[in-house]
file my_file_20.cif (mmCIF, C-alpha atoms)
data_data
#
loop_
_atom_site.group_PDB
_atom_site.id
_atom_site.type_symbol
_atom_site.label_atom_id
_atom_site.label_comp_id
_atom_site.auth_asym_id
_atom_site.auth_seq_id
_atom_site.Cartn_x
_atom_site.Cartn_y
_atom_site.Cartn_z
ATOM 1 C CA GLU A 1 -4.539 23.494 5.945
ATOM 2 C CA LYS A 2 -4.240 19.983 4.565
ATOM 3 C CA SER A 3 -4.597 21.237 0.984
ATOM 4 C CA PHE A 4 -1.855 23.786 1.514
ATOM 5 C CA PHE A 5 0.985 21.365 2.252
ATOM 6 C CA PRO A 6 2.656 20.164 0.198
ATOM 7 C CA GLN A 7 2.212 21.615 -3.276
ATOM 8 C CA PRO A 8 3.743 19.671 -6.208
ATOM 9 C CA SER A 9 5.525 22.743 -7.510
ATOM 10 C CA TRP A 10 7.509 23.074 -4.277
ATOM 11 C CA ILE A 11 9.277 19.752 -4.606
ATOM 12 C CA ILE A 12 9.831 20.287 -8.323
ATOM 13 C CA ASP A 13 11.286 23.744 -7.766
ATOM 14 C CA ALA A 14 13.455 22.458 -4.921
ATOM 15 C CA LEU A 15 14.884 19.572 -6.931
ATOM 16 C CA HIS A 16 15.011 20.423 -10.622
ATOM 17 C CA GLU A 17 18.352 22.245 -10.541
ATOM 18 C CA LYS A 18 19.953 19.354 -8.650
ATOM 19 C CA ILE A 19 18.954 16.537 -10.999
ATOM 20 C CA MET A 20 21.912 14.551 -12.289
ATOM 21 C CA PRO A 21 21.799 12.551 -15.546
ATOM 22 C CA ILE A 22 22.204 8.774 -15.431
ATOM 23 C CA PRO A 23 25.631 8.002 -16.965
ATOM 24 C CA GLY A 24 25.352 6.125 -20.241
ATOM 25 C CA HIS A 25 21.564 5.833 -20.148
ATOM 26 C CA VAL A 26 19.371 7.119 -22.962
ATOM 27 C CA PRO A 27 15.768 7.220 -21.704
ATOM 28 C CA THR A 28 13.249 5.382 -23.869
ATOM 29 C CA GLY A 29 10.166 6.630 -22.046
ATOM 30 C CA ASN A 30 8.005 9.633 -22.838
ATOM 31 C CA PHE A 31 8.615 11.581 -19.634
ATOM 32 C CA THR A 32 11.136 14.270 -18.786
ATOM 33 C CA ASP A 33 13.038 14.154 -15.496
ATOM 34 C CA LEU A 34 10.720 16.752 -13.992
ATOM 35 C CA GLU A 35 7.635 14.826 -15.077
ATOM 36 C CA LYS A 36 9.046 11.638 -13.531
ATOM 37 C CA ILE A 37 9.560 13.388 -10.193
ATOM 38 C CA GLU A 38 6.188 15.129 -10.221
ATOM 39 C CA ARG A 39 4.332 11.927 -11.121
ATOM 40 C CA ALA A 40 6.167 9.971 -8.405
ATOM 41 C CA TYR A 41 5.400 12.714 -5.889
ATOM 42 C CA LEU A 42 1.703 12.869 -6.771
ATOM 43 C CA TYR A 43 1.392 9.083 -6.603
ATOM 44 C CA ALA A 44 3.183 8.866 -3.251
ATOM 45 C CA ASN A 45 1.130 11.773 -1.900
ATOM 46 C CA SER A 46 -2.114 10.032 -2.860
ATOM 47 C CA LEU A 47 -1.045 6.866 -1.007
ATOM 48 C CA HIS A 48 0.120 8.757 2.086
ATOM 49 C CA ASP A 49 -3.033 10.895 2.167
ATOM 50 C CA GLY A 50 -4.443 10.960 5.690
ATOM 51 C CA GLN A 51 -1.229 9.613 7.263
ATOM 52 C CA PHE A 52 0.642 11.708 9.819
ATOM 53 C CA ARG A 53 3.986 11.479 11.562
ATOM 54 C CA GLN A 54 4.297 11.590 15.354
ATOM 55 C CA SER A 55 5.136 15.288 15.014
ATOM 56 C CA GLY A 56 1.709 15.878 13.473
ATOM 57 C CA GLU A 57 3.117 16.660 10.024
ATOM 58 C CA PRO A 58 1.594 14.947 6.982
ATOM 59 C CA TYR A 59 3.559 11.725 6.391
ATOM 60 C CA ILE A 60 4.489 12.829 2.864
ATOM 61 C CA SER A 61 6.795 15.405 4.475
ATOM 62 C CA HIS A 62 9.270 12.577 5.193
ATOM 63 C CA PRO A 63 9.598 11.215 1.629
ATOM 64 C CA LEU A 64 9.839 14.813 0.430
ATOM 65 C CA ALA A 65 12.670 15.509 2.870
ATOM 66 C CA VAL A 66 14.468 12.307 1.807
ATOM 67 C CA ALA A 67 14.078 13.245 -1.862
ATOM 68 C CA GLU A 68 15.530 16.702 -1.297
ATOM 69 C CA ILE A 69 18.522 15.281 0.582
ATOM 70 C CA VAL A 70 19.044 12.701 -2.194
ATOM 71 C CA ALA A 71 19.046 15.507 -4.747
ATOM 72 C CA GLY A 72 21.507 17.456 -2.602
ATOM 73 C CA LEU A 73 23.811 14.430 -2.692
ATOM 74 C CA GLU A 74 23.750 14.822 -6.502
ATOM 75 C CA LEU A 75 22.032 11.517 -7.167
ATOM 76 C CA ASP A 76 19.863 11.234 -10.252
ATOM 77 C CA THR A 77 16.169 11.271 -11.058
ATOM 78 C CA ASP A 78 15.611 7.564 -10.478
ATOM 79 C CA SER A 79 17.074 7.837 -6.968
ATOM 80 C CA ILE A 80 14.812 10.821 -6.264
ATOM 81 C CA CYS A 81 11.781 8.829 -7.431
ATOM 82 C CA ALA A 82 12.845 5.909 -5.221
ATOM 83 C CA ALA A 83 13.078 8.323 -2.281
ATOM 84 C CA LEU A 84 9.539 9.552 -2.920
ATOM 85 C CA LEU A 85 8.139 6.022 -3.214
ATOM 86 C CA HIS A 86 10.182 4.176 -0.580
ATOM 87 C CA ASP A 87 7.564 4.168 2.214
ATOM 88 C CA THR A 88 4.372 3.737 0.194
ATOM 89 C CA GLY A 89 3.887 0.205 1.551
ATOM 90 C CA LYS A 90 3.857 1.208 5.202
ATOM 91 C CA ILE A 91 0.107 1.768 5.424
ATOM 92 C CA TYR A 92 -0.426 -1.830 4.270
ATOM 93 C CA THR A 93 2.033 -3.434 6.694
ATOM 94 C CA VAL A 94 1.453 -1.547 9.937
ATOM 95 C CA SER A 95 1.003 -3.544 13.136
ATOM 96 C CA VAL A 96 0.849 -2.480 16.786
ATOM 97 C CA ASP A 97 2.499 -4.446 19.602
ATOM 98 C CA GLU A 98 1.436 -4.797 23.246
ATOM 99 C CA ASN A 99 3.267 -1.554 24.065
ATOM 100 C CA LYS A 100 1.287 0.271 21.367
ATOM 101 C CA GLU A 101 4.431 0.688 19.265
ATOM 102 C CA GLN A 102 3.908 0.646 15.516
ATOM 103 C CA HIS A 103 5.902 -1.718 13.296
ATOM 104 C CA PHE A 104 6.075 -1.965 9.513
ATOM 105 C CA TYR A 105 7.519 -5.413 8.905
ATOM 106 C CA ALA A 106 8.322 -6.177 5.237
ATOM 107 C CA HIS A 107 7.187 -2.733 4.130
ATOM 108 C CA PRO A 108 10.069 -2.388 1.606
ATOM 109 C CA HIS A 109 8.747 -5.402 -0.328
ATOM 110 C CA LYS A 110 5.225 -3.971 -0.358
ATOM 111 C CA SER A 111 6.593 -0.574 -1.371
ATOM 112 C CA GLU A 112 8.502 -2.201 -4.237
ATOM 113 C CA GLU A 113 5.322 -3.957 -5.369
ATOM 114 C CA ILE A 114 3.467 -0.636 -5.353
ATOM 115 C CA ALA A 115 6.312 1.174 -7.131
ATOM 116 C CA ARG A 116 6.459 -1.467 -9.877
ATOM 117 C CA ARG A 117 2.705 -1.330 -10.372
ATOM 118 C CA TYR A 118 2.899 2.461 -10.701
ATOM 119 C CA LEU A 119 5.869 2.340 -13.107
ATOM 120 C CA ASN A 120 4.181 -0.330 -15.238
ATOM 121 C CA GLU A 121 0.947 1.646 -15.347
ATOM 122 C CA TYR A 122 2.716 4.695 -16.740
ATOM 123 C CA LYS A 123 4.859 2.591 -19.087
ATOM 124 C CA TYR A 124 8.291 3.575 -17.807
ATOM 125 C CA ASP A 125 11.229 1.923 -19.551
ATOM 126 C CA ASN A 126 12.620 -1.286 -18.039
ATOM 127 C CA PHE A 127 15.894 0.355 -16.984
ATOM 128 C CA THR A 128 14.033 2.908 -14.869
ATOM 129 C CA LYS A 129 11.614 0.336 -13.424
ATOM 130 C CA ASP A 130 14.351 -2.066 -12.368
ATOM 131 C CA ARG A 131 16.532 0.678 -10.926
ATOM 132 C CA VAL A 132 13.818 2.414 -8.908
ATOM 133 C CA CYS A 133 12.310 -0.853 -7.657
ATOM 134 C CA LEU A 134 15.674 -2.238 -6.567
ATOM 135 C CA LEU A 135 16.370 0.827 -4.434
ATOM 136 C CA VAL A 136 12.876 0.786 -2.941
ATOM 137 C CA LYS A 137 13.107 -2.931 -2.172
ATOM 138 C CA ILE A 138 16.481 -2.798 -0.420
ATOM 139 C CA HIS A 139 16.300 0.674 1.139
ATOM 140 C CA ASP A 140 15.830 -0.765 4.649
ATOM 141 C CA THR A 141 18.562 -3.408 4.327
ATOM 142 C CA VAL A 142 21.033 -3.394 7.210
ATOM 143 C CA VAL A 143 24.504 -2.892 5.697
ATOM 144 C CA GLU A 144 27.152 -4.169 8.077
ATOM 145 C CA GLU A 145 30.518 -2.527 8.681
ATOM 146 C CA ASN A 146 32.230 -5.688 7.556
ATOM 147 C CA LYS A 147 34.454 -6.225 4.497
ATOM 148 C CA VAL A 148 33.180 -9.738 3.806
ATOM 149 C CA TYR A 149 29.564 -8.575 3.939
ATOM 150 C CA ILE A 150 30.310 -5.547 1.759
ATOM 151 C CA LYS A 151 32.084 -7.717 -0.838
ATOM 152 C CA LYS A 152 29.013 -9.951 -1.053
ATOM 153 C CA ARG A 153 26.690 -6.974 -1.371
ATOM 154 C CA LEU A 154 28.867 -5.384 -4.070
ATOM 155 C CA ASN A 155 28.897 -8.652 -6.003
ATOM 156 C CA ARG A 156 25.136 -8.983 -5.677
ATOM 157 C CA ILE A 157 23.962 -5.519 -6.731
ATOM 158 C CA GLY A 158 27.042 -3.832 -8.237
ATOM 159 C CA LYS A 159 29.073 -0.790 -7.270
ATOM 160 C CA ASP A 160 26.667 1.893 -8.496
ATOM 161 C CA ALA A 161 23.588 0.431 -6.821
ATOM 162 C CA PHE A 162 25.557 -0.147 -3.614
ATOM 163 C CA PHE A 163 26.527 3.515 -3.226
ATOM 164 C CA GLU A 164 23.061 4.649 -4.314
ATOM 165 C CA LEU A 165 21.639 2.436 -1.561
ATOM 166 C CA ILE A 166 23.967 3.875 1.076
ATOM 167 C CA ASN A 167 23.147 7.438 0.041
ATOM 168 C CA LEU A 168 19.410 6.710 0.046
ATOM 169 C CA GLN A 169 19.761 5.261 3.540
ATOM 170 C CA ARG A 170 21.851 8.266 4.578
ATOM 171 C CA ALA A 171 19.106 10.597 3.344
ATOM 172 C CA ASP A 172 16.355 8.526 4.978
ATOM 173 C CA ASN A 173 18.225 8.655 8.288
ATOM 174 C CA LYS A 174 19.004 12.371 8.036
ATOM 175 C CA ALA A 175 15.302 13.118 7.484
ATOM 176 C CA GLN A 176 14.444 11.520 10.843
ATOM 177 C CA ASN A 177 14.953 12.578 14.441
ATOM 178 C CA PRO A 178 18.625 13.598 14.985
ATOM 179 C CA VAL A 179 18.777 11.277 18.004
ATOM 180 C CA TYR A 180 18.919 8.395 15.509
ATOM 181 C CA ASP A 181 21.779 9.899 13.489
ATOM 182 C CA ARG A 182 23.918 7.201 11.826
ATOM 183 C CA THR A 183 26.240 9.383 9.763
ATOM 184 C CA ALA A 184 29.333 7.739 11.265
ATOM 185 C CA HIS A 185 28.041 4.306 10.251
ATOM 186 C CA PHE A 186 27.395 5.321 6.640
ATOM 187 C CA ASP A 187 30.797 7.016 6.416
ATOM 188 C CA ALA A 188 32.489 3.863 7.724
ATOM 189 C CA VAL A 189 30.604 1.638 5.262
ATOM 190 C CA CYS A 190 31.575 3.858 2.332
ATOM 191 C CA GLN A 191 35.219 3.877 3.401
ATOM 192 C CA LEU A 192 35.241 0.083 3.664
ATOM 193 C CA ALA A 193 33.575 -0.264 0.277
ATOM 194 C CA GLU A 194 36.121 2.060 -1.326
ATOM 195 C CA ARG A 195 38.896 -0.038 0.233
ATOM 196 C CA VAL A 196 37.361 -3.245 -1.127
ATOM 197 C CA LEU A 197 37.120 -1.721 -4.598
ATOM 198 C CA SER A 198 40.681 -0.382 -4.435
ATOM 199 C CA GLU A 199 42.045 -3.773 -3.371
ATOM 200 C CA ALA A 200 40.106 -5.521 -6.151
ATOM 201 C CA ALA A 201 41.477 -3.073 -8.722
ATOM 202 C CA ALA A 202 45.032 -3.605 -7.428
ATOM 203 C CA ARG A 203 44.657 -7.388 -7.719
ATOM 204 C CA ALA A 204 43.307 -7.076 -11.245
ATOM 205 C CA ARG A 205 46.244 -4.863 -12.278
ATOM 206 C CA ALA A 206 48.748 -7.260 -10.710
ATOM 207 C CA LEU A 207 47.272 -10.163 -12.690
ATOM 208 C CA ASP A 208 46.776 -8.057 -15.807
ATOM 209 C CA LEU A 209 43.065 -8.849 -15.789
ATOM 210 C CA PRO A 210 40.047 -6.640 -16.552
ATOM 211 C CA LEU A 211 38.135 -5.515 -13.475
ATOM 212 C CA LEU A 212 34.856 -7.315 -14.032
ATOM 213 C CA VAL A 213 33.780 -7.656 -10.427
ATOM 214 C CA TYR A 214 31.524 -5.095 -8.734
ATOM 215 C CA THR A 215 30.536 -3.359 -11.985
#

call {"tool": "encode", "arguments": {"input": "my_file_20.cif", "output": "structure tokens"}}
result
Amino acid sequence: EKSFFPQPSWIIDALHEKIMPIPGHVPTGNFTDLEKIERAYLYANSLHDGQFRQSGEPYISHPLAVAEIVAGLELDTDSICAALLHDTGKIYTVSVDENKEQHFYAHPHKSEEIARRYLNEYKYDNFTKDRVCLLVKIHDTVVEENKVYIKKRLNRIGKDAFFELINLQRADNKAQNPVYDRTAHFDAVCQLAERVLSEAAARARALDLPLLVYT
């Protein structure tokens, strides 16, 4: 029955033991980690109500699967919330081509707009809002297996956000049909990024300079 799946307690029970704290961040909001996840889930579920995947499952099953994978990768609460909210803009951006294929052009930007409106409404702290919205906005960005591109991306969003993005994309991909598996791509991107960071650290040590880049 539609009302049977999914229940809020399921996702909370599945994730609460996996939640990781955000290093160096002292929350200023009024919500616990579990409340943040439950609120994000309920909001996403309300927006995906009546939507179904090609398999016939309620669409919310995909964000839930992504969130559980994100938690399994030991990312933190904000990343889990981003996973739950990342596709909320799809219903507003859907189009159908001449072959009756659905497309969701610019849905990450609409999803970010929706996520920010939700986070503002519930008065989340600015750190949480900016972090969640950044991940939602860039979750569909194509990250090339190219050192020059990766350097630019690291400079633009920082090391932490870069690896959070890759892991969110990894989770999003893993929650889809296995025929589209891109694990090798994400592994290669992470290896290249680690090499870029290692080379930057080596240059900084050689010049006796602080490593300010990519932080």

call {"tool": "atom_distance", "arguments": {"input": "my_file_20.cif", "atom1": "CA of Phe163 (chain A)", "atom2": "CA of Arg117 (chain A)"}}
result
25.3 Å

call {"tool": "residues_near_point", "arguments": {"input": "my_file_20.cif", "point": "(30.3, -5.7, -3.8)", "cutoff": "12 Å", "atoms": "all atoms listed in the file", "output": "PyMOL selection string"}}
result
chain A and resi 143+146-163+189-190+192-200+212-215

call {"tool": "residues_near_point", "arguments": {"input": "my_file_20.cif", "point": "(19.2, 4.8, -5.1)", "cutoff": "6 Å", "atoms": "all atoms listed in the file", "output": "list in words"}}
result
Ser79, Leu135, Glu164, Leu165 and Leu168 of chain A

call {"tool": "closest_residue", "arguments": {"input": "my_file_20.cif", "among": "A:Thr93, A:Thr77, A:Thr141, A:Thr183", "to": "Ala40 (chain A)", "atoms": "all atoms listed in the file"}}
result
A:Thr77

call {"tool": "atom_distance", "arguments": {"input": "my_file_20.cif", "atom1": "CA of Ser95 (chain A)", "atom2": "CA of Leu42 (chain A)"}}
result
25.8 Å

call {"tool": "resolve_selection", "arguments": {"input": "my_file_20.cif", "expression": "the PyMOL selection byres ((chain A and resi 58) around 10)", "output": "PyMOL selection string"}}
result
chain A and resi 2+5-6+45+48-57+59-62

call {"tool": "closest_residue", "arguments": {"input": "my_file_20.cif", "among": "A:Ile166, A:Val66, A:Tyr180, A:Lys36", "to": "Lys129 (chain A)", "atoms": "all atoms listed in the file"}}
result
A:Lys36

call {"tool": "closest_residue", "arguments": {"input": "my_file_20.cif", "among": "A:His109, A:Ile114, A:Val96, A:Gln176", "to": "Ala44 (chain A)", "atoms": "only C-alpha atoms"}}
result
A:Ile114

call {"tool": "closest_residue", "arguments": {"input": "my_file_20.cif", "among": "A:Lys174, A:Arg131, A:Lys110, A:His185", "to": "Ala65 (chain A)", "atoms": "all atoms listed in the file"}}
result
A:Lys174

call {"tool": "resolve_selection", "arguments": {"input": "my_file_20.cif", "expression": "the PyMOL selection byres ((chain A and resi 112) around 8)", "output": "list of chain:residue names"}}
result
A:His86, A:Gly89, A:Pro108, A:His109, A:Lys110, A:Ser111, A:Glu113, A:Ile114, A:Ala115, A:Arg116, A:Cys133, A:Leu134, A:Val136, A:Lys137

call {"tool": "write_last_selection", "arguments": {"input": "my_file_20.cif", "atoms": "C-alpha atoms", "output": "short mmCIF file (atom, residue, chain, number, x, y, z; two decimals), in the coordinates of the input"}}
result
data_model
loop_
_atom_site.label_atom_id
_atom_site.label_comp_id
_atom_site.auth_asym_id
_atom_site.auth_seq_id
_atom_site.Cartn_x
_atom_site.Cartn_y
_atom_site.Cartn_z
CA HIS A 86 10.18 4.18 -0.58
CA GLY A 89 3.89 0.20 1.55
CA PRO A 108 10.07 -2.39 1.61
CA HIS A 109 8.75 -5.40 -0.33
CA LYS A 110 5.22 -3.97 -0.36
CA SER A 111 6.59 -0.57 -1.37
CA GLU A 113 5.32 -3.96 -5.37
CA ILE A 114 3.47 -0.64 -5.35
CA ALA A 115 6.31 1.17 -7.13
CA ARG A 116 6.46 -1.47 -9.88
CA CYS A 133 12.31 -0.85 -7.66
CA LEU A 134 15.67 -2.24 -6.57
CA VAL A 136 12.88 0.79 -2.94
CA LYS A 137 13.11 -2.93 -2.17
#

call {"tool": "atom_distance", "arguments": {"input": "my_file_20.cif", "atom1": "CA of Ile138 (chain A)", "atom2": "CA of Asn120 (chain A)"}}
result
19.4 Å

call {"tool": "closest_residue", "arguments": {"input": "my_file_20.cif", "among": "A:Cys81, A:Ala67, A:Leu75, A:Val132", "to": "Glu35 (chain A)", "atoms": "all atoms listed in the file"}}
result
A:Cys81

call {"tool": "decode", "arguments": {"input": "my_file_20.cif", "residues": "region 150-161 of chain A", "atoms": "all heavy atoms", "output": "PDB file, in the first residue's frame"}}
result
ATOM      1  N   ILE A 150      40.360  18.600 -12.426  1.00  0.00           N
ATOM      2  CA  ILE A 150      40.235  18.317 -10.999  1.00  0.00           C
ATOM      3  C   ILE A 150      40.878  19.422 -10.168  1.00  0.00           C
ATOM      4  O   ILE A 150      40.350  19.824  -9.124  1.00  0.00           O
ATOM      5  CB  ILE A 150      40.842  16.937 -10.677  1.00  0.00           C
ATOM      6  CG1 ILE A 150      39.925  15.838 -11.244  1.00  0.00           C
ATOM      7  CG2 ILE A 150      41.026  16.748  -9.172  1.00  0.00           C
ATOM      8  CD1 ILE A 150      40.486  14.445 -11.145  1.00  0.00           C
ATOM      9  N   LYS A 151      42.017  19.946 -10.622  1.00  0.00           N
ATOM     10  CA  LYS A 151      42.653  21.069  -9.912  1.00  0.00           C
ATOM     11  C   LYS A 151      41.702  22.265  -9.846  1.00  0.00           C
ATOM     12  O   LYS A 151      41.555  22.901  -8.797  1.00  0.00           O
ATOM     13  CB  LYS A 151      43.949  21.485 -10.627  1.00  0.00           C
ATOM     14  CG  LYS A 151      45.130  20.567 -10.403  1.00  0.00           C
ATOM     15  CD  LYS A 151      46.350  21.095 -11.150  1.00  0.00           C
ATOM     16  CE  LYS A 151      47.550  20.178 -10.983  1.00  0.00           C
ATOM     17  NZ  LYS A 151      48.737  20.679 -11.728  1.00  0.00           N
ATOM     18  N   LYS A 152      41.064  22.576 -10.967  1.00  0.00           N
ATOM     19  CA  LYS A 152      40.131  23.700 -11.005  1.00  0.00           C
ATOM     20  C   LYS A 152      38.956  23.470 -10.060  1.00  0.00           C
ATOM     21  O   LYS A 152      38.517  24.380  -9.359  1.00  0.00           O
ATOM     22  CB  LYS A 152      39.627  23.916 -12.433  1.00  0.00           C
ATOM     23  CG  LYS A 152      40.679  24.451 -13.390  1.00  0.00           C
ATOM     24  CD  LYS A 152      40.111  24.627 -14.790  1.00  0.00           C
ATOM     25  CE  LYS A 152      41.168  25.173 -15.751  1.00  0.00           C
ATOM     26  NZ  LYS A 152      40.646  25.314 -17.141  1.00  0.00           N
ATOM     27  N   ARG A 153      38.438  22.245 -10.072  1.00  0.00           N
ATOM     28  CA  ARG A 153      37.296  21.937  -9.211  1.00  0.00           C
ATOM     29  C   ARG A 153      37.697  21.991  -7.736  1.00  0.00           C
ATOM     30  O   ARG A 153      36.941  22.501  -6.896  1.00  0.00           O
ATOM     31  CB  ARG A 153      36.751  20.559  -9.581  1.00  0.00           C
ATOM     32  CG  ARG A 153      35.525  20.110  -8.796  1.00  0.00           C
ATOM     33  CD  ARG A 153      34.368  21.031  -8.917  1.00  0.00           C
ATOM     34  NE  ARG A 153      33.875  21.184 -10.276  1.00  0.00           N
ATOM     35  CZ  ARG A 153      32.789  21.891 -10.590  1.00  0.00           C
ATOM     36  NH1 ARG A 153      32.102  22.504  -9.646  1.00  0.00           N
ATOM     37  NH2 ARG A 153      32.400  22.008 -11.843  1.00  0.00           N
ATOM     38  N   LEU A 154      38.871  21.495  -7.402  1.00  0.00           N
ATOM     39  CA  LEU A 154      39.357  21.563  -6.022  1.00  0.00           C
ATOM     40  C   LEU A 154      39.526  23.014  -5.581  1.00  0.00           C
ATOM     41  O   LEU A 154      39.199  23.376  -4.443  1.00  0.00           O
ATOM     42  CB  LEU A 154      40.689  20.815  -5.889  1.00  0.00           C
ATOM     43  CG  LEU A 154      40.614  19.295  -5.867  1.00  0.00           C
ATOM     44  CD1 LEU A 154      41.999  18.686  -6.085  1.00  0.00           C
ATOM     45  CD2 LEU A 154      40.034  18.795  -4.543  1.00  0.00           C
ATOM     46  N   ASN A 155      40.063  23.840  -6.457  1.00  0.00           N
ATOM     47  CA  ASN A 155      40.232  25.257  -6.129  1.00  0.00           C
ATOM     48  C   ASN A 155      38.892  25.953  -5.944  1.00  0.00           C
ATOM     49  O   ASN A 155      38.769  26.869  -5.133  1.00  0.00           O
ATOM     50  CB  ASN A 155      41.031  25.970  -7.231  1.00  0.00           C
ATOM     51  CG  ASN A 155      42.526  25.862  -7.019  1.00  0.00           C
ATOM     52  OD1 ASN A 155      43.002  25.965  -5.892  1.00  0.00           O
ATOM     53  ND2 ASN A 155      43.277  25.642  -8.086  1.00  0.00           N
ATOM     54  N   ARG A 156      37.898  25.518  -6.714  1.00  0.00           N
ATOM     55  CA  ARG A 156      36.602  26.193  -6.683  1.00  0.00           C
ATOM     56  C   ARG A 156      35.798  25.830  -5.442  1.00  0.00           C
ATOM     57  O   ARG A 156      35.203  26.723  -4.810  1.00  0.00           O
ATOM     58  CB  ARG A 156      35.807  25.835  -7.936  1.00  0.00           C
ATOM     59  CG  ARG A 156      34.439  26.522  -8.018  1.00  0.00           C
ATOM     60  CD  ARG A 156      33.758  26.234  -9.335  1.00  0.00           C
ATOM     61  NE  ARG A 156      34.543  26.735 -10.457  1.00  0.00           N
ATOM     62  CZ  ARG A 156      34.216  26.552 -11.738  1.00  0.00           C
ATOM     63  NH1 ARG A 156      33.118  25.868 -12.048  1.00  0.00           N
ATOM     64  NH2 ARG A 156      34.972  27.032 -12.697  1.00  0.00           N
ATOM     65  N   ILE A 157      35.748  24.560  -5.079  1.00  0.00           N
ATOM     66  CA  ILE A 157      34.859  24.162  -3.976  1.00  0.00           C
ATOM     67  C   ILE A 157      35.602  23.632  -2.754  1.00  0.00           C
ATOM     68  O   ILE A 157      34.988  23.424  -1.704  1.00  0.00           O
ATOM     69  CB  ILE A 157      33.828  23.109  -4.438  1.00  0.00           C
ATOM     70  CG1 ILE A 157      34.504  21.790  -4.836  1.00  0.00           C
ATOM     71  CG2 ILE A 157      32.990  23.652  -5.581  1.00  0.00           C
ATOM     72  CD1 ILE A 157      33.515  20.679  -5.191  1.00  0.00           C
ATOM     73  N   GLY A 158      36.908  23.383  -2.865  1.00  0.00           N
ATOM     74  CA  GLY A 158      37.666  22.882  -1.721  1.00  0.00           C
ATOM     75  C   GLY A 158      37.719  21.360  -1.672  1.00  0.00           C
ATOM     76  O   GLY A 158      36.892  20.668  -2.265  1.00  0.00           O
ATOM     77  N   LYS A 159      38.698  20.871  -0.931  1.00  0.00           N
ATOM     78  CA  LYS A 159      38.937  19.424  -0.862  1.00  0.00           C
ATOM     79  C   LYS A 159      37.752  18.671  -0.275  1.00  0.00           C
ATOM     80  O   LYS A 159      37.314  17.649  -0.819  1.00  0.00           O
ATOM     81  CB  LYS A 159      40.189  19.164  -0.027  1.00  0.00           C
ATOM     82  CG  LYS A 159      40.519  17.693   0.168  1.00  0.00           C
ATOM     83  CD  LYS A 159      41.769  17.517   1.020  1.00  0.00           C
ATOM     84  CE  LYS A 159      41.534  17.951   2.453  1.00  0.00           C
ATOM     85  NZ  LYS A 159      42.686  17.660   3.324  1.00  0.00           N
ATOM     86  N   ASP A 160      37.240  19.140   0.865  1.00  0.00           N
ATOM     87  CA  ASP A 160      36.168  18.397   1.540  1.00  0.00           C
ATOM     88  C   ASP A 160      34.928  18.286   0.661  1.00  0.00           C
ATOM     89  O   ASP A 160      34.359  17.197   0.505  1.00  0.00           O
ATOM     90  CB  ASP A 160      35.821  19.072   2.864  1.00  0.00           C
ATOM     91  CG  ASP A 160      36.927  18.936   3.895  1.00  0.00           C
ATOM     92  OD1 ASP A 160      37.813  18.069   3.710  1.00  0.00           O
ATOM     93  OD2 ASP A 160      36.912  19.699   4.885  1.00  0.00           O
ATOM     94  N   ALA A 161      34.505  19.422   0.102  1.00  0.00           N
ATOM     95  CA  ALA A 161      33.302  19.403  -0.739  1.00  0.00           C
ATOM     96  C   ALA A 161      33.519  18.555  -1.984  1.00  0.00           C
ATOM     97  O   ALA A 161      32.588  17.896  -2.459  1.00  0.00           O
ATOM     98  CB  ALA A 161      32.910  20.828  -1.130  1.00  0.00           C
TER      99      ALA A 161
END
